[in-house]
Amino acid sequence: MTALTGTGPLLRLALRRDRITLPVWVYLLTASVASTTYSFKKLYGTAASRGQLAASLAGNGSLRALYGPLGDSGIGGITVWRIGVTGAALAAAMSILLVVRHTRAQEEDGRLELIGAGAVARPAPLTAALAAAALANGLLALLTTASLVALGQPLAGSLAFGCSLAACGLVFAGVASVTAQLAETGRAANSLAGAALGLAYVLRAASDASTVHGPGAFDWLSPIGWSEQVQPYGADRWWVLLLSLAVAGLLAGVAYTLVGRRDLGSGLLPQRPGPATAARTLRTPFALAVRLQRGTLAGWCAAFAVAGGVFGAIAKGIVDLVGGNRPVADVLRRMGGQHGVADAYLSSIMGILGMLAAVYAVQCVLRLRAEETEGRAEPVLAGPVSRLGWATGHLLFPLLGSAALLTCGGLAAGAAEHATLGDRAGSVAELLGGALVQLPAVWLTAAAAVLLLGLAPRWTSAGWGVLTAFVLIGWLGPALQADQWVLDLSPFTHTPHLPGGTFAAQPLLWLTLLTAALTAAGLTGLRHRDLG
Amino acid sequence: MTAAISVSGLVKSFGRTRALDGLDLTVAQGEVHGFLGPNGSGKSTTIRVLLGLLRRDAGTARLLGGDPWHDAVTLHRRLAYVPGDVTLWRNLSGGEAIDLLGRLRGGLDAGRRAELLERFELDPTKKGRAYSKGNRQKVALVAALASDAELLILDEPTSGLDPLMEKVFRRCVSEERDRGRTVLLSSHILSEVEALCDRVSIIRAGRTVETGSLTELRHLTRTAVSAELAADPTGLENLPGVHDLVVDGNRVRCQVDAEHLDALLRAFGRSGVRSLTSRPPTLEELFLRHYATEVTA
C-alpha cells in the first residue's frame with residue numbers, strides 16, 4: 001500500500017459529485033473573460049480610444065484599488081486590467097470550496113470514515129481533492145487561453161493570463177488544504193480560507209491604490225498580487241507563476257504533514273466540554289437561532305470592520321495621487337458617484353460591502369435549509385413550534401445581521417477615512433449612510449433565496465446563482481455597456497451611489513416592498529410543503 | 001375512550017414512489033402500540049405525517065383528537081418525539097439540547113431529567129458531534145421521557161443502544177405506560193416489541209397487513225408442533241392447514257394453522273403420542289411470514 005492507494009477512485013468520485021458545479025464555475029469564469037474581451041474589442045477598437053482610456057486610468061487610484069493597474073493598453077491588456085483581479089479571486093474561491101468540500105466537509109459528515117475503512121491511504125482524500133482542484137484550474141487556464149486566442153489576442157499573453165488565474169486558484173487550494181486540517185467543520189475551514197482570500201484582496205487593493213505606475217510593491221504580499229505581477233500581454237513574467245506554484249506546493253506539504261498527525265474527524269483544536277444545562281434564555285426557536293448564528297455573525301462583523309477600515313484609510317492615498325486634477329472617465333462615472341474621486345471610490349467600496357453582505361445573507365438563508373435537510377429541524381418542529389416561528393427566528397439574521405455588518409463596515413470606513421482625510425471627504429455619517437442604503441438590495445437577494453426555500457427547496461442553493469448574476473451584472477455590465485434593462489435586473493443597480501450621488505428613497509422603497517413580497521411568498525410555500 | 005391516533009386509508013407519494021398506500025393505524029389511549037415493518041415500508045413516513053412534517057395526499061389522520069397538519073403546534077404540546085436518526089447541533093452540549101427541546105414543549109421536570117441522565121448514564125456536557133449514535137439517541141430519549149407529554153412517538157429509539165441501555169429503556173417505557181401515557185413504538189427489535197407492546201400493527205409496502213394484540217395475532221396464525229408418535233403416522237400430508245411437514249420415522253415436525261390444530265391432534269392420537277411440544281409462533285415468525293409473502297407470492 002502506497003501513499004497513493006485509493007486516490008484514483010476518490011478523484012473519480014470527486015469529479016462525479018462535482019459534475020455540474022465545476023463546469024459551471026469554469027464556464028462562468030471563462031465566459032466572463034471572453035465576453036469582456038469581445039466587448040472591449042467593440043468599445044475600444046482603435047489604439048487612440050485605448051490610449052485615452054489608459055490616460056484617464058493612470059491617475060485614478062480608486063479604479064486601481066478596485067481592479068489593479070492597467071499594464072499593456074492593447075485589448076488583451078485592458079481585459080486583464082478589468083477582470084484579472086476579480087477572476088483570480090473567483091478562481092481562488094472555486095478552489096477553496098472544492099478542496100474543503102472533498103476533505104473536511106466529507107469528514108465532518110462521516111463519509112470519509114466509510115472511505116477510510118477501505119483500502120485507501122490516509123492522505124488519498126487530500127490528494128484527490130488537490131488533483132480535482134488542479135484539473136479545474138488547468139481547465140480554466142486552457143479554456144481562458146483558447147477563448148482569448150480565438151478572439152485574436154496573442155498566444156503568449158493569453159497563456160500567461162490563463163495561467164495567472166489558475167496559479168491564484170492553486171495557491172488557495174493549498175490554503176484550503178491547510179485550513180481543512182485545522183478546523184473541525186467544513187464551514188469553519190471555508191471561513192478561515194475565505195478570510196485569507198479577503199486579506200489577500202485588501203492587501204493588493206491597498207498596494208495598487210497607493211502606487212502610480214505598474215503594480216504596487218506590496219503586491220508581493222498577496223497571492224492575488226502575484227497574478228498581477230505576471231503582467232500578461234506586457235512583460236509576460238513567467239517566473240512569477242513559479243512563485244505561486246512553489247507556495248501552493250509548500251502549503252500542500254504542510255497539509256500532508258498535518259494529515260499524518262491527527263485523528264480522523266478531529267481538528268487541531270481540542271473539543272471542550274459544554275455546559276450541562278442550557279442558559280435560561282435558550283427556550284425559543286429564536287434563541288436557538290441566535291445560539292447557532294452568533295459566532296458566524298461576529299466573525300463577519302469583524303471582517304467588515306477590518307475591510308471598511310482598510311478601504312477607508314486607502315482613500316487618502318487616492319485623493320493625494322489625484323490632487324486637484326480629476327480625470328473624467330466615462331467608465332468611472334458609470335462605476336460610481338459623480339462628486340469627487342474620493343466619493344466615487346468610497347461609494348464603489350460601499351457597493352462591494354453591499355455585495356459581501358449579500359453573501360452573508362444568502363449563507364444565512366441556506367443555513368435554514370441545512371437545518372431542515374440534516375434533520376435538526378425535525379425535533380424542533382415536533383415541539384409546539386410553528387414553521388413560521390422556526391423560520392423567522394433564523395431569517396432575522398439575513399435581515400438584521402446584514403444591517404449589523406454594513407454598520408460595522410460603514411462606521412469603520414468612515415472613522416478611518418475621517419482620521420486620515422479630515423474634512424476633505426464625506427463624514428462618518430455619510431459613509432454609514434452609504435453602507436446602509438445597500439440594505440434593500442441585500443435583503444432582496446436573500447429574499448430570492450427564501451422564495452426558493454419555500455417553493456423549490458431542492459434548488460435553494462441556486463440562491464448563490466442569483467447573487468452571482470447580480471454581482472456579474474454590477475461588475476461587468478457597465479464596462480461592457482450592457483442594455484439598461486439588463487443592468488436593471490440587479491437590485492444593486494437601483495441603490496443610490498453614496499457618498500457623492502443623490503439619495504432617492506423611491507427605489508429603496510420598491511426594493512423593500514419586493515423583498516417583503518418574495519419573503520411572504522417563500523414563507524407561505526414553506527408552510528404548505530413537505531419538510532425534509 | 002377515544003383513540004390517541006387513528007389513521008385510515010393514508011396515502012403519501014414522493015414523485016412516482018408511493019410510500020404509503022392506504023395505511024390504517026389505530027392506537028388507543030394508554031396503550032403501548034408496536035409499529036413493525038421492514039426497512040422502507042413507510043413507518044417513518046407515517047410518523048412524519050402524524051407530526052405534520054409531511055402533508056398527506058389522501059386518507060384521514062387524527063392525532064389526539066386534532067388534525068396533525070392544521071393543529072400541529074397545539075398538538076405538539078401534548079406529545080414528545082424521538083427520531084430514528086438523531087442529529088444534534090454540533091456546538092450545543094447534550095444538556096443544552098435536552099433543555100431546549102423540553103422548554104419548547106413548556107418545561108422539563110428537573111428531578112426527572114437528572115434521574116434519567118443517571119439511568120441512561122449520559123454525560124450532558126459533551127458537544128453534539130462528540131456523541132456516538134447511541135448517545136445521541138439517549139439525548140433525544142431523555143428529552144422526551146422527562147417531558148410530561150401524554151403521547152410518546154418513538155421511531156426505532158433503541159437501534160443504537162447497547163443491551164444494558166435497552167433494558168433501561170424497556171423499564172422506562174413500562175413506567176410510562178403505568179403512568180397512563182400512550183406510546184407508539186416503531187421498532188425492529190422484536191423481543192422489545194413482544195415485551196412492551198399491548199397491540200401491534202405490521203405494515204408492508206405502505207399498507208397495514210396485520211393489526212391486533214399479540215394474542216390475537218398468534219391465534220390467527222400457525223403453531224409450531226413437534227411430536228414423537230408410537231407408530232409411523234399416516235395421512236398427515238392430506239390434512240388441511242398443515243405446513244412445512246417433516247416426517248422422520250415416528251417423529252413429526254410441522255406448522256399448523258390455529259383452526260386446524262384440533263384435526264392434527266386427532267390424527268396424532270390415532271398413532272399414539274409419546275411426547276408432544278407445541279409452542280405459539282414467536283413474533284419473529286409472524287413477522288417473517290408477513291415479510292416473506294412477497295418473495296413466495
# chains A, B, ... in the order shown; residues from 1 in each chain; ligands from 1

$ interface_residues --of "chain B" --to "chain A" --cutoff "10 Å" --atoms "only C-alpha atoms" --output "ChimeraX atom specification"
/B:14,48-56,69,71-83,85-107,123-130,140,153

$ select_by_dssp --residues "segment 65-194 of chain B" --states "alpha helix (DSSP H)" --output "ChimeraX atom specification"
/B:72-76,94-104,110-119,133-145,163-178,190-194

$ residues_around --residues "Ser226 of chain B" --least-positions-apart "2" --cutoff "8 Å" --atoms "only C-alpha atoms" --output "list in words"
Ala224, Glu228, Arg251, Val252, Arg253, Cys254, Leu276, Thr277 and Ser278 of chain B

$ residues_around --residues "Cys301 of chain A" --least-positions-apart "6" --cutoff "9 Å" --atoms "only C-alpha atoms" --output "PyMOL selection string"
chain A and resi 401+404-409

$ closest_residue --among "B:Leu286, B:Val27, B:Leu264, B:Leu10" --to "Leu217 of chain B" --atoms "only C-alpha atoms"
B:Leu286

$ closest_residue --among "B:Glu194, B:Leu122, B:His243, B:Ala61" --to "Ala258 of chain B" --atoms "only C-alpha atoms"
B:His243

$ closest_residue --among "B:Phe120, B:Glu216, B:Ser201, B:Tyr131" --to "Lys167 of chain B" --atoms "only C-alpha atoms"
B:Phe120

$ select_by_dssp --residues "segment 6-221 of chain B" --states "strand (DSSP E or B)" --output "ChimeraX atom specification"
/B:6-14,17-28,32-36,58-63,66,79-82,93,127,151-155,182-186,199-204,207-213

$ closest_residue --among "A:Leu513, A:Val290, A:Ala205, A:Ala456" --to "Tyr345 of chain A" --atoms "only C-alpha atoms"
A:Ala205

$ atom_distance --atom1 "atom CA of Ala305 of chain A" --atom2 "atom CA of Ala412 of chain A"
5.3 Å

$ atom_distance --atom1 "atom CA of Leu251 of chain A" --atom2 "atom CA of Gly174 of chain A"
4.9 Å

$ decode --residues "segment 38-73 of chain B" --atoms "N, CA, C and O atoms" --output "mmCIF file, in the first residue's frame"
data_model
loop_
_atom_site.group_PDB
_atom_site.id
_atom_site.type_symbol
_atom_site.label_atom_id
_atom_site.label_comp_id
_atom_site.auth_asym_id
_atom_site.auth_seq_id
_atom_site.Cartn_x
_atom_site.Cartn_y
_atom_site.Cartn_z
ATOM 1 N N PRO B 38 -40.682 -3.840 7.515
ATOM 2 C CA PRO B 38 -39.298 -3.869 7.021
ATOM 3 C C PRO B 38 -38.796 -2.462 6.681
ATOM 4 O O PRO B 38 -39.582 -1.516 6.652
ATOM 5 N N ASN B 39 -37.523 -2.354 6.428
ATOM 6 C CA ASN B 39 -36.965 -1.067 6.028
ATOM 7 C C ASN B 39 -37.701 -0.544 4.798
ATOM 8 O O ASN B 39 -37.975 -1.288 3.871
ATOM 9 N N GLY B 40 -38.005 0.741 4.803
ATOM 10 C CA GLY B 40 -38.620 1.336 3.627
ATOM 11 C C GLY B 40 -40.087 1.018 3.475
ATOM 12 O O GLY B 40 -40.673 1.264 2.428
ATOM 13 N N SER B 41 -40.717 0.444 4.520
ATOM 14 C CA SER B 41 -42.127 0.085 4.369
ATOM 15 C C SER B 41 -43.046 1.258 4.656
ATOM 16 O O SER B 41 -44.242 1.182 4.412
ATOM 17 N N GLY B 42 -42.505 2.353 5.192
ATOM 18 C CA GLY B 42 -43.338 3.539 5.398
ATOM 19 C C GLY B 42 -43.562 3.916 6.853
ATOM 20 O O GLY B 42 -44.400 4.770 7.134
ATOM 21 N N LYS B 43 -42.822 3.282 7.781
ATOM 22 C CA LYS B 43 -43.028 3.606 9.203
ATOM 23 C C LYS B 43 -42.689 5.069 9.498
ATOM 24 O O LYS B 43 -43.494 5.804 10.073
ATOM 25 N N SER B 44 -41.497 5.485 9.066
ATOM 26 C CA SER B 44 -41.081 6.851 9.367
ATOM 27 C C SER B 44 -41.942 7.866 8.618
ATOM 28 O O SER B 44 -42.256 8.935 9.158
ATOM 29 N N THR B 45 -42.342 7.524 7.404
ATOM 30 C CA THR B 45 -43.213 8.431 6.654
ATOM 31 C C THR B 45 -44.526 8.636 7.402
ATOM 32 O O THR B 45 -45.012 9.758 7.532
ATOM 33 N N THR B 46 -45.107 7.517 7.910
ATOM 34 C CA THR B 46 -46.349 7.623 8.683
ATOM 35 C C THR B 46 -46.151 8.559 9.869
ATOM 36 O O THR B 46 -46.974 9.456 10.132
ATOM 37 N N ILE B 47 -45.046 8.353 10.583
ATOM 38 C CA ILE B 47 -44.784 9.172 11.772
ATOM 39 C C ILE B 47 -44.637 10.633 11.392
ATOM 40 O O ILE B 47 -45.153 11.528 12.070
ATOM 41 N N ARG B 48 -43.966 10.880 10.266
ATOM 42 C CA ARG B 48 -43.765 12.273 9.859
ATOM 43 C C ARG B 48 -45.064 12.918 9.386
ATOM 44 O O ARG B 48 -45.240 14.117 9.527
ATOM 45 N N VAL B 49 -45.971 12.109 8.851
ATOM 46 C CA VAL B 49 -47.297 12.661 8.542
ATOM 47 C C VAL B 49 -48.009 13.004 9.846
ATOM 48 O O VAL B 49 -48.629 14.057 9.982
ATOM 49 N N LEU B 50 -47.894 12.095 10.835
ATOM 50 C CA LEU B 50 -48.556 12.328 12.124
ATOM 51 C C LEU B 50 -47.990 13.560 12.821
ATOM 52 O O LEU B 50 -48.681 14.208 13.599
ATOM 53 N N LEU B 51 -46.736 13.887 12.541
ATOM 54 C CA LEU B 51 -46.121 15.049 13.171
ATOM 55 C C LEU B 51 -46.366 16.330 12.377
ATOM 56 O O LEU B 51 -45.889 17.399 12.747
ATOM 57 N N GLY B 52 -47.089 16.205 11.261
ATOM 58 C CA GLY B 52 -47.359 17.411 10.470
ATOM 59 C C GLY B 52 -46.156 17.897 9.701
ATOM 60 O O GLY B 52 -46.124 19.035 9.256
ATOM 61 N N LEU B 53 -45.152 17.036 9.534
ATOM 62 C CA LEU B 53 -43.986 17.437 8.756
ATOM 63 C C LEU B 53 -44.225 17.158 7.280
ATOM 64 O O LEU B 53 -43.698 17.839 6.418
ATOM 65 N N LEU B 54 -45.022 16.127 7.014
ATOM 66 C CA LEU B 54 -45.394 15.812 5.642
ATOM 67 C C LEU B 54 -46.898 15.970 5.516
ATOM 68 O O LEU B 54 -47.643 15.757 6.468
ATOM 69 N N ARG B 55 -47.342 16.318 4.335
ATOM 70 C CA ARG B 55 -48.750 16.530 4.074
ATOM 71 C C ARG B 55 -49.298 15.278 3.415
ATOM 72 O O ARG B 55 -48.727 14.793 2.443
ATOM 73 N N ARG B 56 -50.405 14.735 3.930
ATOM 74 C CA ARG B 56 -50.926 13.504 3.334
ATOM 75 C C ARG B 56 -51.598 13.822 1.997
ATOM 76 O O ARG B 56 -52.153 14.905 1.818
ATOM 77 N N ASP B 57 -51.537 12.849 1.076
ATOM 78 C CA ASP B 57 -52.178 13.043 -0.223
ATOM 79 C C ASP B 57 -53.646 12.641 -0.153
ATOM 80 O O ASP B 57 -54.491 13.227 -0.802
ATOM 81 N N ALA B 58 -53.953 11.585 0.621
ATOM 82 C CA ALA B 58 -55.335 11.138 0.757
ATOM 83 C C ALA B 58 -55.465 10.381 2.066
ATOM 84 O O ALA B 58 -54.470 10.014 2.688
ATOM 85 N N GLY B 59 -56.714 10.117 2.462
ATOM 86 C CA GLY B 59 -56.944 9.389 3.695
ATOM 87 C C GLY B 59 -57.181 10.344 4.848
ATOM 88 O O GLY B 59 -57.090 11.560 4.693
ATOM 89 N N THR B 60 -57.501 9.756 6.005
ATOM 90 C CA THR B 60 -57.716 10.608 7.169
ATOM 91 C C THR B 60 -56.694 10.274 8.229
ATOM 92 O O THR B 60 -56.211 9.147 8.314
ATOM 93 N N ALA B 61 -56.349 11.266 9.005
ATOM 94 C CA ALA B 61 -55.427 11.059 10.122
ATOM 95 C C ALA B 61 -55.861 11.964 11.253
ATOM 96 O O ALA B 61 -56.059 13.160 11.064
ATOM 97 N N ARG B 62 -56.063 11.379 12.420
ATOM 98 C CA ARG B 62 -56.393 12.152 13.626
ATOM 99 C C ARG B 62 -55.368 11.833 14.687
ATOM 100 O O ARG B 62 -54.973 10.680 14.857
ATOM 101 N N LEU B 63 -54.952 12.856 15.379
ATOM 102 C CA LEU B 63 -53.935 12.680 16.409
ATOM 103 C C LEU B 63 -54.438 13.418 17.636
ATOM 104 O O LEU B 63 -54.690 14.624 17.567
ATOM 105 N N LEU B 64 -54.636 12.713 18.750
ATOM 106 C CA LEU B 64 -55.115 13.320 20.000
ATOM 107 C C LEU B 64 -56.332 14.209 19.747
ATOM 108 O O LEU B 64 -56.468 15.289 20.301
ATOM 109 N N GLY B 65 -57.197 13.723 18.838
ATOM 110 C CA GLY B 65 -58.431 14.449 18.569
ATOM 111 C C GLY B 65 -58.294 15.624 17.628
ATOM 112 O O GLY B 65 -59.266 16.342 17.389
ATOM 113 N N GLY B 66 -57.104 15.868 17.085
ATOM 114 C CA GLY B 66 -56.928 17.006 16.183
ATOM 115 C C GLY B 66 -56.384 16.569 14.838
ATOM 116 O O GLY B 66 -56.130 15.388 14.603
ATOM 117 N N ASP B 67 -56.230 17.539 13.943
ATOM 118 C CA ASP B 67 -55.686 17.257 12.622
ATOM 119 C C ASP B 67 -54.178 17.480 12.674
ATOM 120 O O ASP B 67 -53.727 18.569 13.010
ATOM 121 N N PRO B 68 -53.387 16.436 12.336
ATOM 122 C CA PRO B 68 -51.934 16.572 12.513
ATOM 123 C C PRO B 68 -51.318 17.694 11.686
ATOM 124 O O PRO B 68 -50.273 18.219 12.057
ATOM 125 N N TRP B 69 -51.921 18.058 10.564
ATOM 126 C CA TRP B 69 -51.336 19.117 9.731
ATOM 127 C C TRP B 69 -51.750 20.489 10.245
ATOM 128 O O TRP B 69 -50.907 21.339 10.505
ATOM 129 N N HIS B 70 -53.070 20.679 10.419
ATOM 130 C CA HIS B 70 -53.542 22.027 10.749
ATOM 131 C C HIS B 70 -53.313 22.406 12.207
ATOM 132 O O HIS B 70 -53.062 23.561 12.522
ATOM 133 N N ASP B 71 -53.433 21.426 13.097
ATOM 134 C CA ASP B 71 -53.310 21.753 14.520
ATOM 135 C C ASP B 71 -51.938 21.386 15.069
ATOM 136 O O ASP B 71 -51.791 21.142 16.265
ATOM 137 N N ALA B 72 -50.933 21.347 14.164
ATOM 138 C CA ALA B 72 -49.629 20.822 14.561
ATOM 139 C C ALA B 72 -49.116 21.444 15.860
ATOM 140 O O ALA B 72 -48.751 20.739 16.797
ATOM 141 N N VAL B 73 -49.137 22.773 15.927
ATOM 142 C CA VAL B 73 -48.489 23.430 17.059
ATOM 143 C C VAL B 73 -49.170 23.068 18.381
ATOM 144 O O VAL B 73 -48.516 22.697 19.351
#
